[in-house]
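Notes follow once the structure below has been shown.
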Amino acid sequence: MAKIFCVANQKGGVGKTTTAVNLAAGLAQLGQRVLLVDLDPQGNATMGAGINKAELNTSIYEVLLGMSDVKEARKTSETGKFDVLPANRELAGAEVEMVELDNREKRLKDALSAVDAEYDFMLIDCPPALSMLTLNGLCAAHGVIIPMQCEYYALEGLSDLVNTIKKVHANLNPDLKIIGLLRVMFDPRMTLSQQVSAQLEEHFGDKVFKAIIPRNVRLAEAPSYGMPGVTFDPASKGAQAYIAFGAEMVERIKAL
Ligand code: ATP
Ligand code: MG
């Protein structure tokens, strides 16, 4: 059975996609079979995995609306050695069109169950909103990975996300838990980063991952080559941190 995780934070630009793509590639390097699910109409995870979102015949949009299935729509990331259920801007329409459908929160869950035996991990890259798409991600998952920048405003949005996760846990998906908070784009020279990081550890304890992802330009450059940072420059500090995070995830799921 695959373990399914959402990478979610309703704040924009906090490193969700970078985390989803590099964790997928890091886990693949550790020998895990991975499906990366792009649940964002921006299609950044798709592009970052080296798949051209403008050339898709079928995508997650058709899968969610029942016009196709995961086996037909998935692609392989040659640069990352994992599979991808790709997305493009068509997906924005699904938000509205799903409202009419039965079981609308569980359409992704149902679609993914068809390929469950083929993967060890499925990673869902969520859009920056607590929308129907994100709700589908949360209903499909066993856990949530929350990437956070260690800055003052980072903590503000966190309670909305935590409350949403609690509601989904109570009403729709009793399996759902917060797996952990991942500190990303970390700059150890900034006192504020250190302070917020310490606050997170104090408040959330072992829910804060030990791995810390530094701010690293190689991670930001990699998507323009259609490559995960982990394969683009394996020796870079950012790549090394995501590999360490992959190993930590493999350990953590043993306890789930
Ligand atoms: P959105 O909410 O729009 O989906 P996101 O949360 O998925 O955004 P990313 O796209 O992963 O965030 O990252 C935002 C920007 O920050 C990107 O340009 C990305 O390349 C850059 N970035 C992410 N992580 C790092 C890092 N550790 N070091 C340097 N740049 C980073
Ligand atoms: Mg993103």
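Just remember, in the structure tokens the first chain shown is A, the second B, etc., residues are 1-based per chain, and ligands are 1-based in the order shown.
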Exercise for the section: Excluding stretch 195-212 of chain A and any residue of its chain fewer than 5 positions from it, enumerate the residues within 6 Å of it, using only C-alpha atoms, and give them as a ChimeraX atom specification. Expected result: /A:150,180-183,245
Exercise for the section: Run DSSP on the backbone and give me the residues of stretch 71-183 of chain A it puts in strand (DSSP E or B), as a PyMOL selection string. Expected result: chain A and resi 75-77+82-85+121-125+143-149+177-183
Handout entry: Shell around A:Ala140 at 8 Å using only C-alpha atoms, local window under 4 positions removed, as a PyMOL selection string
Key = chain A and resi 4+106+108-110+112+136+173
Practice task
Would you list the residues that come within 7 Å of ligand 1? Count only C-alpha atoms and all ligand atoms and give the answer as a list in words.
Solution key: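 Counting only C-alpha atoms and all ligand atoms, the residues within 7 Å of ligand 1 come out as Lys11, Gly12, Gly13, Val14, Gly15, Lys16, Thr17, Thr18, Thr19, Asn44, Pro127, Pro128, Val184, Met185, Phe186, Ile213, Pro214, Arg215, Asn216, Val217, Leu219, Ala220, Glu221 and Gly238 of chain A.
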Practice task
Just the residues within 12 Å of stretch 95-101 of chain A, please, counting only C-alpha atoms, with nothing from its chain fewer than 6 positions along; format it as an MDAnalysis selection string.
Solution key: chainID A and resid 39:41 61:66 89 107:108 127 129:136
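For the choices A:Ile60, A:Val37, A:Ala2, A:Cys139, the atom-to-atom distance to A:Ala92 is smallest for A:Ile60 when using only C-alpha atoms.
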Practice task
One decimal, Å: what's the distance from atom CA of A:Ile253 over to atom CA of A:His142, could you say?
Solution key: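 Atom CA of A:Ile253 sits 10.0 Å away from atom CA of A:His142.
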Handout entry: Selection: 12 Å around A:Asn57, only C-alpha atoms, excl. self and same-chain fewer than 2 positions, as a PyMOL selection string
Key = chain A and resi 52-55+59-63+67-68+72-75+86-88+90
Fill in the blank from the handout: One residue among A:Met47, A:Leu30, A:Thr58, A:Phe82 is nearest to ligand 2 when using only C-alpha atoms and all ligand atoms, and that residue is A:Met47
Practice task
From stretch 59-190 of chain A, collect each residue whose DSSP state is alpha helix (DSSP H) and return the set as a VMD selection string.
Solution key: chain A and resid 60 to 64 70 to 73 91 to 97 107 to 112 132 to 140 154 to 171
Exercise for the section: Using only C-alpha atoms, determine which residues lie at most 6 Å from stretch 175-178 of chain A, disregarding the query and same-chain residues fewer than 5 positions distant; provide the list as a PyMOL selection string. Expected result: chain A and resi 142-144+169
Problem - Nearest residue to ligand 2 from the set A:Val34, A:Ala45, A:Ala28, A:Leu155 (distances using only C-alpha atoms and all ligand atoms) - result: A:Ala45
Practice task
Check the smallest atom-to-atom distance from each of A:Val168, A:Leu158, A:Leu91, A:Val21 to ligand 2 using only C-alpha atoms and all ligand atoms, then report the winner.
Solution key: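 Residue with the minimum atom-to-atom distance to ligand 2: A:Val21.
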Problem - Long-range neighbours of A:Leu23 as a PyMOL selection string, 12 Å cut-off, only C-alpha atoms, 3 positions minimum in chain - result: chain A and resi 5-7+15-20+26-30+32-36+45+49+80-82+121-125+145+147+182+211+213+228-231+238-250
Handout entry: Point-to-point distance from atom CA of A:Thr191 to atom CA of A:Tyr152, Å rounded to tenths
Key = 11.5 Å
Problem - Nearest candidate to A:Ala154 (options A:Asn22, A:Ser236, A:Ser193, A:Ile179; using only C-alpha atoms) - result: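 Closest to A:Ala154, using only C-alpha atoms: A:Ser193.
The space separating atom CA of A:Gly137 from atom CA of A:Glu118 comes to 18.9 Å.
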